[in-house]
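Engineer: Quick one: the structure is below, questions incoming.
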Amino acid sequence: MALSLRFLAFVSFCIALCAFPILPQAFVRTKATTPDGKEVALFWNEFPIKYFINKAGSPDISDLEGTYDAIKASFQAWMNPGCGCFQAEFVGLTDLAETGYNQDKPAEDQNVIFFRQGDWTHNRQAVAVTSVVYSRSTGQIFGFDIEINDRDYRFSLDGSSVPGVPRPIATIDLQNTLTHEAGHALGLDHSENKSATMYASAPPGETSKRQLHSDDIEGLCSIYRKETASQTCQISRSEQFLKGTGCACQSSSPSNHPFLPLFALFVLLFWRRRA
Ligand SMILES: [Zn+2]
């Protein structure tokens, strides 16, 4: 069975909040369409999800350790609820500053978070873009990368204002943004709940989305179900092809997950950008 992987890219807009009324609709899982037209929701099946941070950080933030800590805290926020066997792990710093997926050597692929300055190629309204690589047949995610728009926005570790003309301009709180992007990386789409971390936009200076809303936690636990974790967590058959150990956690997606020996058949098709 020929399988293929796709990239999905999410775009977070950090513009004025829309004047639309707040809708009661809850979280939304990221969906994809299989080659035969079926809809599948994206999920991880190997834990912990390992990520690297580009060591250069941002010229906006002189405190490099603070930068790394803010990014780590963003992922930690999604681990705190303890949903299923969902785990994310900071592996180390890297010089890598590009997206992509090493399908020839998946164990060597790096999920990386990095800032772009002059080489930002996405919509300039986007504060950050998260790309995930997933199986087109099952929705299983195999990798992700997060690019941060350091060309059009000024970042800080506290969302504080900086002097500007004619009035002070608030900065983008790094942790606020990255907590949202981490939600995309684990399989959530935008929520219509304005208070949720996964709401599609955030004003400059906002820090409230560092903490997950109950809507975000419900979304997380719908993918990585706590009540089924003890019954379904097991050492993955694909462990031998990966570094370290993995915990395969049953999700609500189809059970016929592809296994890594089929990677040679995977083809990276294209990028799709979503607001
Ligand atoms: Zn987003």
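All residue names refer to the structure tokens as shown: chains lettered A, B, ... in order, residues numbered from 1 in each chain, ligands numbered from 1 in order.
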Find the residues near Ile49 (chain A): any atom within 8 Å, counting only C-alpha atoms, skip ones fewer than 6 places away on the same chain, and give them as a VMD selection string.

Structural biologist: chain A and resid 87 to 89

Engineer: Can you list, as a PyMOL selection string, all residues belonging to region 56-243 of chain A that DSSP tags as alpha helix (DSSP H)?

Structural biologist: chain A and resi 64-79+174-186+214-223+226-232

Engineer: Neighbours of Ala77 (chain A) within 12 Å (only C-alpha atoms; same-chain residues fewer than 5 positions away dropped), as an mmCIF file with C-alpha atoms, in the first residue's frame?

Structural biologist:
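The new file part.cif reads:
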data_model
loop_
_atom_site.group_PDB
_atom_site.id
_atom_site.type_symbol
_atom_site.label_atom_id
_atom_site.label_comp_id
_atom_site.auth_asym_id
_atom_site.auth_seq_id
_atom_site.Cartn_x
_atom_site.Cartn_y
_atom_site.Cartn_z
ATOM 1 C CA ALA A 70 9.900 30.148 27.272
ATOM 2 C CA ILE A 71 9.792 27.604 24.456
ATOM 3 C CA LYS A 72 10.124 24.695 26.859
ATOM 4 C CA GLY A 82 -1.543 14.506 31.833
ATOM 5 C CA CYS A 83 -3.660 13.391 28.904
ATOM 6 C CA PHE A 86 1.315 12.572 25.632
ATOM 7 C CA GLN A 87 4.830 13.755 26.342
ATOM 8 C CA ALA A 88 7.121 16.296 24.671
ATOM 9 C CA GLN A 175 5.578 31.906 25.239
ATOM 10 C CA ASN A 176 2.052 33.055 24.386
ATOM 11 C CA LEU A 178 4.615 29.169 21.118
ATOM 12 C CA THR A 179 1.979 27.603 23.376
ATOM 13 C CA HIS A 180 -0.481 28.128 20.523
ATOM 14 C CA GLU A 181 1.917 26.698 17.945
ATOM 15 C CA ALA A 182 2.671 23.679 20.134
ATOM 16 C CA GLY A 183 -1.058 22.972 20.055
ATOM 17 C CA THR A 197 -5.018 29.176 23.509
ATOM 18 C CA LYS A 209 -2.742 32.085 26.267
ATOM 19 C CA ARG A 210 0.326 30.761 28.052
ATOM 20 C CA GLN A 211 -2.153 28.897 30.234
ATOM 21 C CA LEU A 212 -4.435 26.399 28.573
ATOM 22 C CA HIS A 213 -8.149 27.010 28.617
ATOM 23 C CA ASP A 216 -7.670 23.351 24.934
ATOM 24 C CA ILE A 217 -7.380 20.613 27.544
ATOM 25 C CA LEU A 220 -5.743 17.545 23.972
#

Engineer: Counting only C-alpha atoms, which of A:Phe144, A:Phe114, A:Trp120, A:Trp44 gets nearest to Gly57 (chain A)?

Structural biologist: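 Nearest to Gly57 (chain A): A:Phe114.
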
Engineer: Given the choices A:Glu192, A:Asp63, A:Asp158, A:Asp104, which gets closest to ligand 1 if the distance is worked out from only C-alpha atoms and all ligand atoms?

Structural biologist: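 Under the stated criterion, the closest residue is A:Glu192.
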
Engineer: From the DSSP assignment of the backbone, select every residue of region 8-199 of chain A that is strand (DSSP E or B), and format the answer as JSON, numbers by chain.

Structural biologist: {"A": [8, 9, 10, 11, 12, 13, 29, 31, 32, 33, 39, 40, 41, 43, 44, 49, 50, 51, 52, 53, 54, 88, 89, 90, 91, 92, 93, 94, 112, 113, 114, 115, 116, 126, 127, 128, 129, 130, 131, 132, 133, 134, 135, 140, 141, 142, 143, 144, 145, 146, 147, 148, 149, 155, 156, 161, 162, 169, 170, 172, 173, 188, 191, 199]}

Engineer: What lies within 7 Å of Ser156 (chain A) using only C-alpha atoms, ignoring chain neighbours under 2 positions off, as a list in words?

Structural biologist: Asp60, Ile61, Arg154, Asp158, Gly159, Ser160, Thr171, Ile172, Asp173 and Leu174 of chain A

Engineer: Could you pull the residues within 10 Å of Glu39 (chain A), counting only C-alpha atoms, minus those fewer than 2 positions along the same chain, as a PDB file with all heavy atoms, in the first residue's frame?

Structural biologist:
ATOM      1  N   LYS A  31      -7.761  18.099  10.692  1.00  0.00           N
ATOM      2  CA  LYS A  31      -8.233  17.010   9.829  1.00  0.00           C
ATOM      3  C   LYS A  31      -7.455  16.982   8.507  1.00  0.00           C
ATOM      4  O   LYS A  31      -6.934  17.993   8.055  1.00  0.00           O
ATOM      5  CB  LYS A  31      -9.729  17.188   9.522  1.00  0.00           C
ATOM      6  CG  LYS A  31     -10.629  17.310  10.746  1.00  0.00           C
ATOM      7  CD  LYS A  31     -10.788  16.001  11.454  1.00  0.00           C
ATOM      8  CE  LYS A  31     -11.982  15.966  12.405  1.00  0.00           C
ATOM      9  NZ  LYS A  31     -12.344  17.211  13.051  1.00  0.00           N
ATOM     10  N   ALA A  32      -7.433  15.825   7.929  1.00  0.00           N
ATOM     11  CA  ALA A  32      -6.823  15.666   6.609  1.00  0.00           C
ATOM     12  C   ALA A  32      -7.684  14.695   5.808  1.00  0.00           C
ATOM     13  O   ALA A  32      -8.456  13.917   6.379  1.00  0.00           O
ATOM     14  CB  ALA A  32      -5.404  15.129   6.740  1.00  0.00           C
ATOM     15  N   THR A  33      -7.553  14.773   4.522  1.00  0.00           N
ATOM     16  CA  THR A  33      -8.317  13.888   3.649  1.00  0.00           C
ATOM     17  C   THR A  33      -7.407  12.812   3.073  1.00  0.00           C
ATOM     18  O   THR A  33      -6.335  13.102   2.536  1.00  0.00           O
ATOM     19  CB  THR A  33      -8.959  14.689   2.495  1.00  0.00           C
ATOM     20  OG1 THR A  33      -9.775  15.721   3.047  1.00  0.00           O
ATOM     21  CG2 THR A  33      -9.812  13.788   1.618  1.00  0.00           C
ATOM     22  N   THR A  34      -7.832  11.573   3.196  1.00  0.00           N
ATOM     23  CA  THR A  34      -7.032  10.455   2.687  1.00  0.00           C
ATOM     24  C   THR A  34      -7.125  10.403   1.168  1.00  0.00           C
ATOM     25  O   THR A  34      -8.014  11.013   0.566  1.00  0.00           O
ATOM     26  CB  THR A  34      -7.539   9.117   3.267  1.00  0.00           C
ATOM     27  OG1 THR A  34      -8.879   8.901   2.774  1.00  0.00           O
ATOM     28  CG2 THR A  34      -7.560   9.155   4.777  1.00  0.00           C
ATOM     29  N   PRO A  35      -6.220   9.658   0.531  1.00  0.00           N
ATOM     30  CA  PRO A  35      -6.271   9.548  -0.934  1.00  0.00           C
ATOM     31  C   PRO A  35      -7.608   9.033  -1.451  1.00  0.00           C
ATOM     32  O   PRO A  35      -8.008   9.358  -2.576  1.00  0.00           O
ATOM     33  CB  PRO A  35      -5.130   8.569  -1.239  1.00  0.00           C
ATOM     34  CG  PRO A  35      -4.162   8.768  -0.110  1.00  0.00           C
ATOM     35  CD  PRO A  35      -5.035   9.002   1.098  1.00  0.00           C
ATOM     36  N   ASP A  36      -8.318   8.232  -0.637  1.00  0.00           N
ATOM     37  CA  ASP A  36      -9.620   7.730  -1.096  1.00  0.00           C
ATOM     38  C   ASP A  36     -10.781   8.567  -0.592  1.00  0.00           C
ATOM     39  O   ASP A  36     -11.934   8.118  -0.595  1.00  0.00           O
ATOM     40  CB  ASP A  36      -9.806   6.261  -0.697  1.00  0.00           C
ATOM     41  CG  ASP A  36      -9.666   6.050   0.805  1.00  0.00           C
ATOM     42  OD1 ASP A  36      -9.364   7.023   1.517  1.00  0.00           O
ATOM     43  OD2 ASP A  36      -9.851   4.904   1.250  1.00  0.00           O
ATOM     44  N   GLY A  37     -10.466   9.793  -0.137  1.00  0.00           N
ATOM     45  CA  GLY A  37     -11.527  10.740   0.159  1.00  0.00           C
ATOM     46  C   GLY A  37     -12.090  10.717   1.565  1.00  0.00           C
ATOM     47  O   GLY A  37     -13.029  11.449   1.864  1.00  0.00           O
ATOM     48  N   ALA A  41      -8.330  12.524  11.453  1.00  0.00           N
ATOM     49  CA  ALA A  41      -7.783  13.542  12.340  1.00  0.00           C
ATOM     50  C   ALA A  41      -6.326  13.206  12.640  1.00  0.00           C
ATOM     51  O   ALA A  41      -5.948  12.036  12.734  1.00  0.00           O
ATOM     52  CB  ALA A  41      -8.594  13.583  13.632  1.00  0.00           C
ATOM     53  N   LEU A  42      -5.517  14.254  12.779  1.00  0.00           N
ATOM     54  CA  LEU A  42      -4.083  14.035  12.981  1.00  0.00           C
ATOM     55  C   LEU A  42      -3.770  13.721  14.441  1.00  0.00           C
ATOM     56  O   LEU A  42      -4.424  14.222  15.350  1.00  0.00           O
ATOM     57  CB  LEU A  42      -3.288  15.264  12.536  1.00  0.00           C
ATOM     58  CG  LEU A  42      -3.491  15.755  11.093  1.00  0.00           C
ATOM     59  CD1 LEU A  42      -2.372  16.714  10.704  1.00  0.00           C
ATOM     60  CD2 LEU A  42      -3.570  14.602  10.107  1.00  0.00           C
ATOM     61  N   ARG A 136      -0.843  10.342   5.005  1.00  0.00           N
ATOM     62  CA  ARG A 136      -2.086  10.689   4.325  1.00  0.00           C
ATOM     63  C   ARG A 136      -3.162   9.634   4.548  1.00  0.00           C
ATOM     64  O   ARG A 136      -4.337   9.913   4.421  1.00  0.00           O
ATOM     65  CB  ARG A 136      -1.840  10.847   2.820  1.00  0.00           C
ATOM     66  CG  ARG A 136      -0.999  12.060   2.454  1.00  0.00           C
ATOM     67  CD  ARG A 136      -0.978  12.230   0.953  1.00  0.00           C
ATOM     68  NE  ARG A 136      -2.314  12.505   0.426  1.00  0.00           N
ATOM     69  CZ  ARG A 136      -2.666  12.372  -0.854  1.00  0.00           C
ATOM     70  NH1 ARG A 136      -1.777  11.962  -1.719  1.00  0.00           N
ATOM     71  NH2 ARG A 136      -3.887  12.667  -1.248  1.00  0.00           N
ATOM     72  N   SER A 137      -2.773   8.425   4.869  1.00  0.00           N
ATOM     73  CA  SER A 137      -3.771   7.367   4.999  1.00  0.00           C
ATOM     74  C   SER A 137      -4.354   7.280   6.402  1.00  0.00           C
ATOM     75  O   SER A 137      -5.510   6.888   6.564  1.00  0.00           O
ATOM     76  CB  SER A 137      -3.171   6.019   4.607  1.00  0.00           C
ATOM     77  OG  SER A 137      -2.073   5.713   5.438  1.00  0.00           O
ATOM     78  N   THR A 138      -3.559   7.637   7.421  1.00  0.00           N
ATOM     79  CA  THR A 138      -4.057   7.483   8.792  1.00  0.00           C
ATOM     80  C   THR A 138      -4.106   8.777   9.577  1.00  0.00           C
ATOM     81  O   THR A 138      -4.784   8.850  10.594  1.00  0.00           O
ATOM     82  CB  THR A 138      -3.161   6.519   9.584  1.00  0.00           C
ATOM     83  OG1 THR A 138      -1.882   7.133   9.779  1.00  0.00           O
ATOM     84  CG2 THR A 138      -2.999   5.193   8.851  1.00  0.00           C
ATOM     85  N   GLY A 139      -3.356   9.768   9.173  1.00  0.00           N
ATOM     86  CA  GLY A 139      -3.281  11.010   9.936  1.00  0.00           C
ATOM     87  C   GLY A 139      -2.199  10.999  11.004  1.00  0.00           C
ATOM     88  O   GLY A 139      -2.041  11.970  11.736  1.00  0.00           O
ATOM     89  N   SER A 253      -8.194   7.918  16.096  1.00  0.00           N
ATOM     90  CA  SER A 253      -8.049   7.782  14.654  1.00  0.00           C
ATOM     91  C   SER A 253      -8.033   6.299  14.275  1.00  0.00           C
ATOM     92  O   SER A 253      -7.960   5.431  15.143  1.00  0.00           O
ATOM     93  CB  SER A 253      -6.762   8.458  14.193  1.00  0.00           C
ATOM     94  OG  SER A 253      -6.862   9.844  14.407  1.00  0.00           O
TER      95      SER A 253
END

Engineer: Looking at only C-alpha atoms and all ligand atoms, which of A:Gly92, A:Pro48, A:Gly187, A:Pro81 is the one that sits closest to ligand 1?

Structural biologist: A:Gly187

Engineer: Would you mind telling me which residue in A:Ile146, A:Ala200, A:Ala26, A:Cys85 lies nearest to ligand 1 when using only C-alpha atoms and all ligand atoms?

Structural biologist: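 Using only C-alpha atoms and all ligand atoms, ligand 1 sits closest to A:Ala200.
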
Engineer: For a test of reading the model, state the distance in Å between CA of Ala73 (chain A) and CA of Phe90 (chain A), rounded to one decimal.

Structural biologist: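 So the answer is 10.3 Å.
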
Engineer: List the spatial neighbours of Gln117 (chain A) as number ranges by chain - criterion: any atom at most 9 Å away, only C-alpha atoms, same-chain residues fewer than 4 positions off excluded.

Structural biologist: A: 58, 148-152

Engineer: Between A:Asn102, A:Gln140, A:Ser135, A:Thr130, single out the one closest to ligand 1, counting only C-alpha atoms and all ligand atoms.

Structural biologist: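 Closest to ligand 1, using only C-alpha atoms and all ligand atoms: A:Thr130.
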